[in-house]
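Undergrad: This is the structure I have questions about; it appears just below.
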2 protein chains.
Amino acid sequence: MPFRATPHAYTDPERAAVYRAIYERRDMRHFLPDALAPEVLTRLLNAAHHAPSVGFMQPWRFIRITRPELRTALHALVEQERIATARALAAREEEFMKLKVEGLLECAEVLVAALCDQREQHIFGRRTLPEMDVASLACALQNMWLAARAEGIGMGWVSLFEVAALKTLLNMPEGSHPLAIVCLGHVPAFYDKPMLEQQQWAERQVLDDLIFENSWI
Amino acid sequence: MPFRATPHAYTDPERAAVYRAIYERRDMRHFLPDALAPEVLTRLLNAAHHAPSVGFMQPWRFIRITRPELRTALHALVEQERIATARALAAREEEFMKLKVEGLLECAEVLVAALCDQREQHIFGRRTLPEMDVASLACALQNMWLAARAEGIGMGWVSLFEVAALKTLLNMPEGSHPLAIVCLGHVPAFYDKPMLEQQQWAERQVLDDLIFENSWI
């Protein structure tokens, strides 16, 4: 059966580069102290801003943390939630506490990525799936992640924090919602595999087990 | 101020290819009828499967729709929700009804992307942000989207459907949750700009307006 060739495909090296970024991107927790060039940060934010969003709502907002005491306060929030998570994990508490779950004090740049307020005005594509705003912000962060990998810059997404406490800390409006503390910066090396796979927290599943045809059950 | 060069950066052409995919990716609604080569579909699913996921939970599941009557039924669900959305939009009802919001009957492949059941067992990174599962699936779909763009293949994410009705149609287990009807296939052309921008549904926001420093307000 012959398949149509498409004139819209990228060249082989371009295609390989896109897949390379997809396969080599890692959630980083180990950073070097060197500063991030401002033009790189701008390119990463622009990459995020060119993500898809439901009904073109562009719900993403970014708070850049430049005050050291704020960074320390964010770190304390994460540390508090790390302990609460460990307790909630019960049987795996000790194992969890050995994992490095953030690189907040070491990385060059810290951003908080959040959803804007007044999202209830956006109904297109969200009437039955209101969480499409979360999905849009996640697409933006994935763009940033892949662009960062191509730039040779590490990115870590930290979701260990109490939402209300973080909102208070950054004077976020009532209807807004933080989804990520993003760490960005130079790294000593990118992990060969996801860190949680390396440390045997979990294994990569077999793709075929995740795919069904016409019916799940 | 000198900034450190990183040995981990991709070559300039590789970096450009990653940004090219990020900037040229579009949410497609216009498709050609030609079939998609199976190896391309496999590459796209593998790209999705190599997305980040909170606590490495890999919550994504994909249901490939190959029965024509199921595709027709999905299309009917979307059409029903399109009308319900138009009514909910009130003042913009007429304008919305003129938009093409899906290409379900024309595209080569239809997948339903969903979250697995029993997600409550996954606490790592989700104790205070349970929606991180949605974020992980969205990252997977963004990987697929960028890979598809590099392959010259169009992808559309349709979120206009009643969740319960779709779950019944595909025999999805109780705790699972569909997030996208994904259309994949050859396209006549990629839109120059997001279709909703071209059709003046909404404008791209100015990036600087979306970035704050240390405090939102």
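Each chain of the structure tokens is named A, B, ... in the order shown, its residues numbered from 1; ligands are numbered from 1 in display order.
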Can I have chain B aligned to chain A? Use a least-squares fit on all Cα atoms paired in order and write it out as a compact mmCIF listing (two decimals) with C-alpha atoms, in the first residue's frame.

TA:
# COMPACT_ATOMS: atom_id res chain seq x y z
CA MET B 1 -0.07 0.03 -0.04
CA PRO B 2 1.62 3.25 -1.10
CA PHE B 3 1.56 6.17 1.28
CA ARG B 4 1.50 9.72 0.09
CA ALA B 5 4.71 11.71 0.56
CA THR B 6 4.05 15.14 1.96
CA PRO B 7 5.69 18.34 0.71
CA HIS B 8 5.28 19.75 4.26
CA ALA B 9 7.79 17.44 5.95
CA TYR B 10 10.96 18.96 7.34
CA THR B 11 14.34 17.76 6.04
CA ASP B 12 15.72 14.61 7.64
CA PRO B 13 18.24 16.50 9.83
CA GLU B 14 15.49 18.90 10.98
CA ARG B 15 13.17 16.05 11.81
CA ALA B 16 15.95 14.28 13.67
CA ALA B 17 16.62 17.44 15.70
CA VAL B 18 12.99 17.65 16.81
CA TYR B 19 13.00 14.00 17.89
CA ARG B 20 16.36 14.48 19.56
CA ALA B 21 14.92 17.22 21.77
CA ILE B 22 11.86 15.09 22.55
CA TYR B 23 13.99 12.09 23.59
CA GLU B 24 16.77 13.97 25.41
CA ARG B 25 14.61 16.42 27.38
CA ARG B 26 14.86 15.77 31.12
CA ASP B 27 13.23 17.10 34.26
CA MET B 28 16.37 18.54 35.86
CA ARG B 29 17.18 18.87 39.56
CA HIS B 30 20.96 19.44 39.35
CA PHE B 31 22.16 22.87 38.24
CA LEU B 32 25.33 24.91 37.94
CA PRO B 33 25.37 28.41 39.43
CA ASP B 34 26.17 30.29 36.19
CA ALA B 35 23.73 32.95 35.03
CA LEU B 36 21.39 32.44 32.10
CA ALA B 37 21.87 34.85 29.17
CA PRO B 38 18.80 37.13 29.02
CA GLU B 39 18.27 36.47 25.30
CA VAL B 40 18.01 32.74 26.02
CA LEU B 41 15.35 33.38 28.67
CA THR B 42 13.46 35.55 26.19
CA ARG B 43 13.61 32.82 23.54
CA LEU B 44 12.30 30.26 26.03
CA LEU B 45 9.41 32.49 27.08
CA ASN B 46 8.57 33.15 23.44
CA ALA B 47 8.58 29.41 22.74
CA ALA B 48 6.12 28.95 25.60
CA HIS B 49 3.93 31.76 24.31
CA HIS B 50 3.63 30.02 20.93
CA ALA B 51 2.02 26.93 22.38
CA PRO B 52 -1.52 25.97 21.41
CA SER B 53 -4.27 27.09 23.74
CA VAL B 54 -7.93 26.19 23.88
CA GLY B 55 -9.96 28.81 21.98
CA PHE B 56 -6.67 30.76 21.68
CA MET B 57 -7.14 31.89 25.30
CA GLN B 58 -3.40 32.03 26.08
CA PRO B 59 -4.02 31.51 29.80
CA TRP B 60 -0.32 31.40 30.74
CA ARG B 61 1.34 33.94 33.02
CA PHE B 62 4.94 33.89 34.27
CA ILE B 63 6.33 35.44 37.42
CA ARG B 64 10.09 35.79 37.33
CA ILE B 65 11.65 35.55 40.76
CA THR B 66 14.63 37.86 41.14
CA ARG B 67 14.49 38.66 44.86
CA PRO B 68 16.70 36.14 46.71
CA GLU B 69 14.47 36.15 49.80
CA LEU B 70 11.48 35.20 47.65
CA ARG B 71 13.41 32.30 46.18
CA THR B 72 14.28 31.16 49.70
CA ALA B 73 10.62 31.42 50.68
CA LEU B 74 9.58 29.34 47.66
CA HIS B 75 12.18 26.76 48.58
CA ALA B 76 10.79 26.59 52.10
CA LEU B 77 7.29 26.01 50.70
CA VAL B 78 8.56 23.14 48.56
CA GLU B 79 10.45 21.63 51.48
CA GLN B 80 7.28 21.73 53.60
CA GLU B 81 5.29 19.97 50.87
CA ARG B 82 8.08 17.46 50.31
CA ILE B 83 7.70 16.31 53.90
CA ALA B 84 3.89 16.29 53.67
CA THR B 85 4.12 14.22 50.47
CA ALA B 86 6.55 11.78 52.06
CA ARG B 87 4.09 11.22 54.93
CA ALA B 88 1.22 10.74 52.50
CA LEU B 89 3.25 8.14 50.62
CA ALA B 90 3.44 6.05 53.80
CA ALA B 91 5.19 2.84 52.67
CA ARG B 92 7.50 4.70 50.31
CA GLU B 93 8.21 7.65 52.66
CA GLU B 94 11.86 6.84 53.24
CA GLU B 95 12.55 6.07 49.59
CA PHE B 96 10.88 9.34 48.54
CA MET B 97 12.88 11.43 51.03
CA LYS B 98 16.11 10.25 49.37
CA LEU B 99 15.10 11.72 45.99
CA LYS B 100 16.26 15.15 44.92
CA VAL B 101 12.99 16.79 43.93
CA GLU B 102 14.12 20.34 43.12
CA GLY B 103 17.15 22.51 42.39
CA LEU B 104 15.60 25.79 43.45
CA LEU B 105 18.54 27.25 45.32
CA GLU B 106 21.13 26.30 42.70
CA CYS B 107 19.52 27.16 39.34
CA ALA B 108 20.05 30.41 37.45
CA GLU B 109 16.42 31.42 37.05
CA VAL B 110 13.18 30.64 38.85
CA LEU B 111 9.80 31.29 37.25
CA VAL B 112 6.36 30.57 38.59
CA ALA B 113 4.01 29.54 35.77
CA ALA B 114 0.34 30.12 36.41
CA LEU B 115 -3.11 30.35 34.89
CA CYS B 116 -4.61 33.83 34.61
CA ASP B 117 -7.72 34.84 36.52
CA GLN B 118 -11.18 35.32 34.97
CA ARG B 119 -10.85 32.10 33.03
CA GLU B 120 -14.58 31.41 33.42
CA GLN B 121 -15.11 33.86 30.54
CA HIS B 122 -13.47 31.35 28.20
CA ILE B 123 -16.06 28.77 27.20
CA PHE B 124 -14.76 27.67 23.76
CA GLY B 125 -13.44 24.11 24.15
CA ARG B 126 -13.94 24.25 27.92
CA ARG B 127 -17.68 23.94 28.51
CA THR B 128 -17.37 20.25 29.31
CA LEU B 129 -13.58 20.19 29.87
CA PRO B 130 -12.69 23.22 32.02
CA GLU B 131 -9.24 21.72 32.67
CA MET B 132 -8.24 22.56 29.11
CA ASP B 133 -6.65 25.70 30.57
CA VAL B 134 -4.25 23.50 32.55
CA ALA B 135 -3.58 21.55 29.35
CA SER B 136 -2.73 24.75 27.47
CA LEU B 137 -0.28 25.93 30.10
CA ALA B 138 1.32 22.47 30.12
CA CYS B 139 1.80 22.66 26.33
CA ALA B 140 3.51 26.03 26.84
CA LEU B 141 5.85 24.55 29.43
CA GLN B 142 6.61 21.58 27.19
CA ASN B 143 7.58 24.02 24.41
CA MET B 144 9.86 25.79 26.87
CA TRP B 145 11.34 22.48 27.97
CA LEU B 146 12.19 21.32 24.46
CA ALA B 147 13.58 24.71 23.47
CA ALA B 148 15.70 24.73 26.64
CA ARG B 149 17.06 21.27 25.81
CA ALA B 150 18.07 22.48 22.34
CA GLU B 151 19.76 25.50 23.98
CA GLY B 152 21.64 23.12 26.29
CA ILE B 153 19.79 24.55 29.27
CA GLY B 154 18.16 22.43 31.96
CA MET B 155 14.60 22.91 33.16
CA GLY B 156 12.81 21.42 36.14
CA TRP B 157 9.06 21.54 36.84
CA VAL B 158 8.36 21.49 40.57
CA SER B 159 4.75 20.89 41.63
CA LEU B 160 5.37 20.37 45.34
CA PHE B 161 3.78 23.40 47.00
CA GLU B 162 0.62 24.59 48.73
CA VAL B 163 -1.29 26.66 46.21
CA ALA B 164 -2.75 29.22 48.63
CA ALA B 165 0.58 29.89 50.34
CA LEU B 166 2.37 30.42 47.04
CA LYS B 167 -0.36 32.76 45.81
CA THR B 168 -0.04 34.87 48.94
CA LEU B 169 3.72 35.02 48.58
CA LEU B 170 3.52 36.39 45.03
CA ASN B 171 0.39 38.55 45.40
CA MET B 172 -1.50 36.51 42.86
CA PRO B 173 -5.12 37.50 42.14
CA GLU B 174 -7.92 35.36 43.53
CA GLY B 175 -8.93 33.53 40.34
CA SER B 176 -5.38 32.78 39.20
CA HIS B 177 -3.77 29.40 39.76
CA PRO B 178 -0.07 28.46 39.93
CA LEU B 179 0.88 25.16 38.28
CA ALA B 180 4.66 25.10 38.30
CA ILE B 181 7.76 26.44 39.92
CA VAL B 182 10.14 26.32 36.97
CA CYS B 183 13.88 26.04 37.52
CA LEU B 184 16.09 27.00 34.58
CA GLY B 185 19.83 27.05 34.20
CA HIS B 186 23.06 25.50 33.18
CA VAL B 187 23.55 21.88 34.19
CA PRO B 188 26.60 19.67 34.72
CA ALA B 189 25.01 17.01 32.48
CA PHE B 190 21.60 15.87 31.30
CA TYR B 191 20.47 12.59 32.83
CA ASP B 192 20.69 9.62 30.42
CA LYS B 193 17.23 8.54 31.52
CA PRO B 194 14.52 10.25 33.59
CA MET B 195 15.95 10.59 37.10
CA LEU B 196 13.02 8.69 38.60
CA GLU B 197 13.75 5.81 36.23
CA GLN B 198 17.47 5.88 37.06
CA GLN B 199 16.66 5.82 40.75
CA GLN B 200 14.14 3.02 40.23
CA TRP B 201 11.19 4.99 41.56
CA ALA B 202 9.18 3.76 38.54
CA GLU B 203 9.77 2.04 35.21
CA ARG B 204 8.90 3.20 31.75
CA GLN B 205 5.76 1.42 30.63
CA VAL B 206 5.56 -0.54 27.39
CA LEU B 207 3.91 1.68 24.78
CA ASP B 208 1.74 -1.10 23.34
CA ASP B 209 0.12 -1.57 26.76
CA LEU B 210 -1.11 2.04 26.62
CA ILE B 211 -2.82 1.78 23.24
CA PHE B 212 -6.27 0.35 22.58
CA GLU B 213 -8.32 -0.06 19.41
CA ASN B 214 -11.91 1.18 19.37
CA SER B 215 -12.66 -0.01 22.90
CA TRP B 216 -10.70 0.31 26.13
CA ILE B 217 -12.10 -2.82 27.79

Undergrad: Using backbone DSSP assignments, extract all strand (DSSP E) residues from region 92-132 of chain A; output them as a ChimeraX atom specification.

TA: /A:109-115

Undergrad: Can you tell me, as number ranges by chain, which residues in region 116-150 of chain A count as alpha helix (DSSP H) by DSSP?

TA: A: 132-150
